[in-house]
Amino acid sequence: MTNLDVTKQAKAGVRKEVLIELNEVSKHFQLGRRQSLKAVDQVSFHIYKGETFGLVGESGCGKTTVGRTILGIYPTTGGSVVYDGKDISHLRGREELKSFRKRAQMIFQDPYASLDPRMTVDDIISEGLDVHFPNMPAKDKHDRISTLLMRVGLNSEHGARFPHELSGGQRQRIGIARALAVEPEFIVCDEPISALDVSIQAQIVNLLNKLQNESELTYLFISHDLSMVKHISDRIGVMYLGSLVEVTTNNRLYAKPMHPYTQALISAIPIPDPDKKEEMGRIILEGEVPSPINVPPGCKFAGRCRYCFDRCKKEQPSLQQVEDEHYVACHLYDRPDSLPGIKRKIFKED
Ligand code: SF4
């Protein structure tokens, strides 16, 4: 099913409403005159209003570039980004970008690096208010900041502090308050918990869930860790070397991963029960990820895939629907006879 089909169904009331559609979006970075780095290569997916779409993959697979491309921080090299029915791939001019940025914000990975150490928390949060609500009276601004601090689990006393006077978890709460200040409807959460202690990670995930319920927010939650996105995502996309290789619902992805790369990622999630761990086994990926500057022809995963066959080395598989709400880019699913071979005992079969 194409994004167009999804939009038609949403409009017909059959499905939830689509907020964002990426249609074959590419982002290539030019390196000198002859080389380019294909950070994102013809990626298509959609995000429903009010859902959390998890985007996972190893470091350098292009997931952060996808987030930044949606927000217009990076212009697209090809394809289109449609936001609430409007193509925003080529937003030009300060006013157009400014009005979009009021609707779509970002929470960054490193809460310390993303906060100016010379500014107080009050000043950090009021920056966005000054841009988007320049005529807001000082008292209203003060009240808004106090409310925001309380919403993220802090209090107005934190407003006078500097980032270095706060813990990592508190700094990330400030990053969240700053994003919420302009009342956005969509937030790109770029590895928002990976720099935090494990004990704090769950608190931030719970906070993001609470804020989503309160304000009907839509999230793109980017992470390198499949066990993290499990707790927050409604649907999940798995990226490998600039391409999406699998998209499905949270439940389906963990119960029945279909792409060989996703299977390997899921098999690496730690399991506390030693008996179950033994039963599930682990898929060790061999070989190196190819360079995004010199991508080999065919399937990008071919050099590491234990099911690779002739066609994989010649033809790049496209993302296709293989089951309800389940999209996979792998030639195996064009050959039903080969399917039993990739179902391991750890995954439930229908
Ligand atoms: Fe493996 Fe071929 Fe599928 Fe690529 S297309 S993941 S190489 S089986």
# chains A, B, ... in the order shown; residues from 1 in each chain; ligands from 1
>>> select_by_dssp(residues="segment 82-171 of chain A", states="strand (DSSP E)", output="ChimeraX atom specification")
/A:82-83,86-87,104-107
>>> residues_around(residues="Ile176 of chain A", least_positions_apart="4", cutoff="10 Å", atoms="only C-alpha atoms", output="ChimeraX atom specification")
/A:105-108,111,125,148-149,151-152,170-172,180-181,187,189,192,204,207-208,211
>>> closest_residue(among="A:Arg178, A:Arg173, A:Arg34, A:His132", to="Ile145 of chain A", atoms="only C-alpha atoms")
A:Arg178
>>> residues_near_ligand(ligand="ligand 1", cutoff="7 Å", atoms="only C-alpha atoms and all ligand atoms", output="count of residues only")
18
>>> select_by_dssp(residues="segment 55-267 of chain A", states="helix (DSSP H, G or I)", output="number ranges by chain")
A: 63-70, 94-103, 121-132, 138-151, 156-160, 163-165, 168-180, 198-215, 226-229, 250-255, 260-267
>>> residues_around(residues="segment 42-55 of chain A", least_positions_apart="4", cutoff="7 Å", atoms="only C-alpha atoms", output="PyMOL selection string")
chain A and resi 3+16-26+63+216-223+229+232-238+243-244
>>> residues_around(residues="segment 89-99 of chain A", least_positions_apart="4", cutoff="10 Å", atoms="only C-alpha atoms", output="list in words")
Leu22, Val25, Thr69, Ile70, Leu71, Gly72, Ile73, Tyr74, Pro75, Thr76, Thr77, Gly78, Gly79, Ser80, Val81, Val82, Tyr83, Arg103, Ala104, Val131 and His132 of chain A
>>> write_last_selection(atoms="N, CA, C and O atoms", output="PDB file, in the first residue's frame")
ATOM      1  N   LEU A  22       6.134  10.701   4.293  1.00  0.00           N
ATOM      2  CA  LEU A  22       7.399  10.823   3.562  1.00  0.00           C
ATOM      3  C   LEU A  22       7.262   9.978   2.305  1.00  0.00           C
ATOM      4  O   LEU A  22       6.918   8.791   2.392  1.00  0.00           O
ATOM      5  N   VAL A  25      11.724   9.926   0.204  1.00  0.00           N
ATOM      6  CA  VAL A  25      12.605  11.024   0.619  1.00  0.00           C
ATOM      7  C   VAL A  25      14.065  10.583   0.615  1.00  0.00           C
ATOM      8  O   VAL A  25      14.413   9.526   1.148  1.00  0.00           O
ATOM      9  N   THR A  69      15.324  16.097   8.408  1.00  0.00           N
ATOM     10  CA  THR A  69      14.759  16.419   7.096  1.00  0.00           C
ATOM     11  C   THR A  69      13.275  16.746   7.226  1.00  0.00           C
ATOM     12  O   THR A  69      12.771  17.675   6.590  1.00  0.00           O
ATOM     13  N   ILE A  70      12.574  15.993   8.074  1.00  0.00           N
ATOM     14  CA  ILE A  70      11.149  16.293   8.280  1.00  0.00           C
ATOM     15  C   ILE A  70      10.989  17.718   8.814  1.00  0.00           C
ATOM     16  O   ILE A  70      10.104  18.461   8.391  1.00  0.00           O
ATOM     17  N   LEU A  71      11.871  18.098   9.732  1.00  0.00           N
ATOM     18  CA  LEU A  71      11.747  19.435  10.344  1.00  0.00           C
ATOM     19  C   LEU A  71      12.285  20.553   9.455  1.00  0.00           C
ATOM     20  O   LEU A  71      12.253  21.720   9.830  1.00  0.00           O
ATOM     21  N   GLY A  72      12.824  20.199   8.291  1.00  0.00           N
ATOM     22  CA  GLY A  72      13.329  21.225   7.378  1.00  0.00           C
ATOM     23  C   GLY A  72      14.713  21.721   7.749  1.00  0.00           C
ATOM     24  O   GLY A  72      15.212  22.688   7.172  1.00  0.00           O
ATOM     25  N   ILE A  73      15.363  21.072   8.731  1.00  0.00           N
ATOM     26  CA  ILE A  73      16.728  21.479   9.092  1.00  0.00           C
ATOM     27  C   ILE A  73      17.663  21.127   7.929  1.00  0.00           C
ATOM     28  O   ILE A  73      18.567  21.880   7.599  1.00  0.00           O
ATOM     29  N   TYR A  74      17.405  19.969   7.309  1.00  0.00           N
ATOM     30  CA  TYR A  74      18.113  19.601   6.079  1.00  0.00           C
ATOM     31  C   TYR A  74      17.109  19.632   4.927  1.00  0.00           C
ATOM     32  O   TYR A  74      16.061  18.985   5.019  1.00  0.00           O
ATOM     33  N   PRO A  75      17.411  20.332   3.847  1.00  0.00           N
ATOM     34  CA  PRO A  75      16.524  20.245   2.677  1.00  0.00           C
ATOM     35  C   PRO A  75      16.636  18.862   2.034  1.00  0.00           C
ATOM     36  O   PRO A  75      17.692  18.235   2.092  1.00  0.00           O
ATOM     37  N   THR A  76      15.542  18.381   1.468  1.00  0.00           N
ATOM     38  CA  THR A  76      15.583  17.056   0.839  1.00  0.00           C
ATOM     39  C   THR A  76      16.387  17.104  -0.462  1.00  0.00           C
ATOM     40  O   THR A  76      16.420  18.132  -1.146  1.00  0.00           O
ATOM     41  N   THR A  77      17.008  15.984  -0.799  1.00  0.00           N
ATOM     42  CA  THR A  77      17.656  15.845  -2.107  1.00  0.00           C
ATOM     43  C   THR A  77      16.632  15.362  -3.129  1.00  0.00           C
ATOM     44  O   THR A  77      16.714  15.662  -4.315  1.00  0.00           O
ATOM     45  N   GLY A  78      15.658  14.578  -2.667  1.00  0.00           N
ATOM     46  CA  GLY A  78      14.615  14.080  -3.555  1.00  0.00           C
ATOM     47  C   GLY A  78      13.417  13.634  -2.733  1.00  0.00           C
ATOM     48  O   GLY A  78      13.521  13.440  -1.521  1.00  0.00           O
ATOM     49  N   GLY A  79      12.273  13.473  -3.397  1.00  0.00           N
ATOM     50  CA  GLY A  79      11.062  13.044  -2.704  1.00  0.00           C
ATOM     51  C   GLY A  79      10.362  14.204  -2.021  1.00  0.00           C
ATOM     52  O   GLY A  79      10.754  15.360  -2.168  1.00  0.00           O
ATOM     53  N   SER A  80       9.314  13.872  -1.270  1.00  0.00           N
ATOM     54  CA  SER A  80       8.547  14.943  -0.626  1.00  0.00           C
ATOM     55  C   SER A  80       8.165  14.576   0.804  1.00  0.00           C
ATOM     56  O   SER A  80       7.996  13.404   1.131  1.00  0.00           O
ATOM     57  N   VAL A  81       8.052  15.620   1.619  1.00  0.00           N
ATOM     58  CA  VAL A  81       7.538  15.474   2.984  1.00  0.00           C
ATOM     59  C   VAL A  81       6.227  16.245   3.027  1.00  0.00           C
ATOM     60  O   VAL A  81       6.200  17.450   2.751  1.00  0.00           O
ATOM     61  N   VAL A  82       5.141  15.522   3.312  1.00  0.00           N
ATOM     62  CA  VAL A  82       3.828  16.173   3.364  1.00  0.00           C
ATOM     63  C   VAL A  82       3.392  16.224   4.821  1.00  0.00           C
ATOM     64  O   VAL A  82       3.322  15.187   5.495  1.00  0.00           O
ATOM     65  N   TYR A  83       3.125  17.442   5.302  1.00  0.00           N
ATOM     66  CA  TYR A  83       2.734  17.629   6.699  1.00  0.00           C
ATOM     67  C   TYR A  83       1.321  18.183   6.736  1.00  0.00           C
ATOM     68  O   TYR A  83       1.067  19.254   6.185  1.00  0.00           O
ATOM     69  N   ARG A 103       4.728  24.400  14.960  1.00  0.00           N
ATOM     70  CA  ARG A 103       3.946  23.162  15.019  1.00  0.00           C
ATOM     71  C   ARG A 103       4.812  21.938  15.278  1.00  0.00           C
ATOM     72  O   ARG A 103       4.315  20.909  15.719  1.00  0.00           O
ATOM     73  N   ALA A 104       6.093  22.031  14.937  1.00  0.00           N
ATOM     74  CA  ALA A 104       6.967  20.843  14.994  1.00  0.00           C
ATOM     75  C   ALA A 104       8.272  21.195  15.689  1.00  0.00           C
ATOM     76  O   ALA A 104       8.977  22.109  15.269  1.00  0.00           O
ATOM     77  N   VAL A 131      10.247  34.219  20.179  1.00  0.00           N
ATOM     78  CA  VAL A 131      10.169  34.157  18.713  1.00  0.00           C
ATOM     79  C   VAL A 131       8.717  34.050  18.253  1.00  0.00           C
ATOM     80  O   VAL A 131       8.280  34.749  17.344  1.00  0.00           O
ATOM     81  N   HIS A 132       7.971  33.151  18.906  1.00  0.00           N
ATOM     82  CA  HIS A 132       6.629  32.847  18.390  1.00  0.00           C
ATOM     83  C   HIS A 132       5.512  33.668  19.038  1.00  0.00           C
ATOM     84  O   HIS A 132       4.418  33.768  18.489  1.00  0.00           O
TER      85      HIS A 132
END
>>> decode(residues="segment 239-283 of chain A", atoms="N, CA and C atoms", output="mmCIF file, in the first residue's frame")
data_model
loop_
_atom_site.group_PDB
_atom_site.id
_atom_site.type_symbol
_atom_site.label_atom_id
_atom_site.label_comp_id
_atom_site.auth_asym_id
_atom_site.auth_seq_id
_atom_site.Cartn_x
_atom_site.Cartn_y
_atom_site.Cartn_z
ATOM 1 N N MET A 239 15.635 0.957 10.174
ATOM 2 C CA MET A 239 16.469 1.475 9.080
ATOM 3 C C MET A 239 17.799 0.745 9.013
ATOM 4 N N TYR A 240 18.283 0.579 7.787
ATOM 5 C CA TYR A 240 19.620 0.029 7.589
ATOM 6 C C TYR A 240 20.267 0.790 6.431
ATOM 7 N N LEU A 241 21.381 1.408 6.707
ATOM 8 C CA LEU A 241 22.167 2.109 5.688
ATOM 9 C C LEU A 241 21.311 3.028 4.805
ATOM 10 N N GLY A 242 20.533 3.878 5.461
ATOM 11 C CA GLY A 242 19.768 4.893 4.734
ATOM 12 C C GLY A 242 18.437 4.438 4.191
ATOM 13 N N SER A 243 18.103 3.137 4.341
ATOM 14 C CA SER A 243 16.830 2.642 3.808
ATOM 15 C C SER A 243 15.973 2.052 4.920
ATOM 16 N N LEU A 244 14.655 2.103 4.722
ATOM 17 C CA LEU A 244 13.759 1.425 5.648
ATOM 18 C C LEU A 244 13.664 -0.035 5.220
ATOM 19 N N VAL A 245 13.857 -0.956 6.155
ATOM 20 C CA VAL A 245 13.784 -2.373 5.776
ATOM 21 C C VAL A 245 12.544 -3.058 6.337
ATOM 22 N N GLU A 246 11.927 -2.465 7.357
ATOM 23 C CA GLU A 246 10.713 -3.077 7.912
ATOM 24 C C GLU A 246 9.911 -2.004 8.637
ATOM 25 N N VAL A 247 8.595 -2.034 8.462
ATOM 26 C CA VAL A 247 7.696 -1.129 9.199
ATOM 27 C C VAL A 247 6.487 -1.940 9.621
ATOM 28 N N THR A 248 6.181 -1.885 10.916
ATOM 29 C CA THR A 248 4.975 -2.575 11.375
ATOM 30 C C THR A 248 4.582 -2.066 12.756
ATOM 31 N N THR A 249 3.556 -2.676 13.322
ATOM 32 C CA THR A 249 3.121 -2.259 14.662
ATOM 33 C C THR A 249 4.109 -2.784 15.698
ATOM 34 N N ASN A 250 4.086 -2.171 16.850
ATOM 35 C CA ASN A 250 4.963 -2.574 17.950
ATOM 36 C C ASN A 250 4.807 -4.074 18.230
ATOM 37 N N ASN A 251 3.576 -4.518 18.432
ATOM 38 C CA ASN A 251 3.367 -5.928 18.784
ATOM 39 C C ASN A 251 3.911 -6.872 17.733
ATOM 40 N N ARG A 252 3.631 -6.558 16.480
ATOM 41 C CA ARG A 252 4.050 -7.463 15.401
ATOM 42 C C ARG A 252 5.566 -7.519 15.304
ATOM 43 N N LEU A 253 6.215 -6.372 15.478
ATOM 44 C CA LEU A 253 7.663 -6.354 15.277
ATOM 45 C C LEU A 253 8.373 -7.281 16.274
ATOM 46 N N TYR A 254 7.931 -7.255 17.512
ATOM 47 C CA TYR A 254 8.617 -8.069 18.521
ATOM 48 C C TYR A 254 8.144 -9.518 18.503
ATOM 49 N N ALA A 255 6.871 -9.736 18.089
ATOM 50 C CA ALA A 255 6.367 -11.111 18.056
ATOM 51 C C ALA A 255 6.802 -11.833 16.787
ATOM 52 N N LYS A 256 6.922 -11.086 15.681
ATOM 53 C CA LYS A 256 7.209 -11.757 14.423
ATOM 54 C C LYS A 256 8.022 -10.853 13.492
ATOM 55 N N PRO A 257 9.257 -10.571 13.855
ATOM 56 C CA PRO A 257 10.089 -9.763 12.946
ATOM 57 C C PRO A 257 10.332 -10.536 11.666
ATOM 58 N N MET A 258 10.271 -9.872 10.522
ATOM 59 C CA MET A 258 10.359 -10.604 9.251
ATOM 60 C C MET A 258 11.659 -10.342 8.493
ATOM 61 N N HIS A 259 12.217 -9.138 8.614
ATOM 62 C CA HIS A 259 13.466 -8.877 7.885
ATOM 63 C C HIS A 259 14.638 -9.504 8.650
ATOM 64 N N PRO A 260 15.567 -10.151 7.945
ATOM 65 C CA PRO A 260 16.693 -10.784 8.645
ATOM 66 C C PRO A 260 17.476 -9.818 9.545
ATOM 67 N N TYR A 261 17.553 -8.552 9.163
ATOM 68 C CA TYR A 261 18.271 -7.592 10.004
ATOM 69 C C TYR A 261 17.501 -7.340 11.303
ATOM 70 N N THR A 262 16.177 -7.153 11.195
ATOM 71 C CA THR A 262 15.362 -6.945 12.399
ATOM 72 C C THR A 262 15.448 -8.161 13.310
ATOM 73 N N GLN A 263 15.430 -9.353 12.718
ATOM 74 C CA GLN A 263 15.530 -10.573 13.532
ATOM 75 C C GLN A 263 16.824 -10.571 14.345
ATOM 76 N N ALA A 264 17.908 -10.144 13.708
ATOM 77 C CA ALA A 264 19.191 -10.110 14.423
ATOM 78 C C ALA A 264 19.158 -9.075 15.545
ATOM 79 N N LEU A 265 18.570 -7.895 15.262
ATOM 80 C CA LEU A 265 18.496 -6.853 16.299
ATOM 81 C C LEU A 265 17.678 -7.339 17.489
ATOM 82 N N ILE A 266 16.558 -7.974 17.201
ATOM 83 C CA ILE A 266 15.681 -8.405 18.295
ATOM 84 C C ILE A 266 16.317 -9.551 19.085
ATOM 85 N N SER A 267 17.048 -10.397 18.393
ATOM 86 C CA SER A 267 17.692 -11.513 19.112
ATOM 87 C C SER A 267 18.778 -11.011 20.061
ATOM 88 N N ALA A 268 19.226 -9.759 19.861
ATOM 89 C CA ALA A 268 20.294 -9.211 20.718
ATOM 90 C C ALA A 268 19.742 -8.498 21.951
ATOM 91 N N ILE A 269 18.398 -8.356 22.040
ATOM 92 C CA ILE A 269 17.830 -7.691 23.223
ATOM 93 C C ILE A 269 18.037 -8.590 24.436
ATOM 94 N N PRO A 270 18.627 -8.061 25.512
ATOM 95 C CA PRO A 270 18.862 -8.900 26.697
ATOM 96 C C PRO A 270 17.550 -9.415 27.292
ATOM 97 N N ILE A 271 17.577 -10.695 27.715
ATOM 98 C CA ILE A 271 16.392 -11.295 28.329
ATOM 99 C C ILE A 271 16.778 -11.784 29.720
ATOM 100 N N PRO A 272 16.059 -11.330 30.750
ATOM 101 C CA PRO A 272 16.476 -11.676 32.112
ATOM 102 C C PRO A 272 16.361 -13.169 32.437
ATOM 103 N N ASP A 273 15.369 -13.865 31.849
ATOM 104 C CA ASP A 273 15.148 -15.277 32.179
ATOM 105 C C ASP A 273 16.177 -16.152 31.446
ATOM 106 N N PRO A 274 17.130 -16.815 32.162
ATOM 107 C CA PRO A 274 18.195 -17.574 31.485
ATOM 108 C C PRO A 274 17.656 -18.726 30.637
ATOM 109 N N ASP A 275 16.542 -19.366 31.069
ATOM 110 C CA ASP A 275 15.982 -20.491 30.296
ATOM 111 C C ASP A 275 15.461 -19.992 28.944
ATOM 112 N N LYS A 276 14.731 -18.879 29.021
ATOM 113 C CA LYS A 276 14.155 -18.325 27.800
ATOM 114 C C LYS A 276 15.274 -17.852 26.871
ATOM 115 N N LYS A 277 16.316 -17.287 27.490
ATOM 116 C CA LYS A 277 17.430 -16.772 26.711
ATOM 117 C C LYS A 277 18.065 -17.898 25.896
ATOM 118 N N GLU A 278 18.220 -19.043 26.570
ATOM 119 C CA GLU A 278 18.807 -20.213 25.916
ATOM 120 C C GLU A 278 17.940 -20.643 24.744
ATOM 121 N N GLU A 279 16.624 -20.636 24.975
ATOM 122 C CA GLU A 279 15.677 -21.090 23.964
ATOM 123 C C GLU A 279 15.674 -20.152 22.751
ATOM 124 N N MET A 280 15.858 -18.853 23.012
ATOM 125 C CA MET A 280 15.742 -17.885 21.929
ATOM 126 C C MET A 280 16.982 -17.776 21.054
ATOM 127 N N GLY A 281 18.109 -18.018 21.632
ATOM 128 C CA GLY A 281 19.321 -17.949 20.822
ATOM 129 C C GLY A 281 19.642 -16.528 20.409
ATOM 130 N N ARG A 282 20.741 -16.381 19.723
ATOM 131 C CA ARG A 282 21.162 -15.042 19.309
ATOM 132 C C ARG A 282 21.704 -15.137 17.897
ATOM 133 N N ILE A 283 21.326 -14.199 17.058
ATOM 134 C CA ILE A 283 21.844 -14.174 15.688
ATOM 135 C C ILE A 283 23.019 -13.204 15.679
#
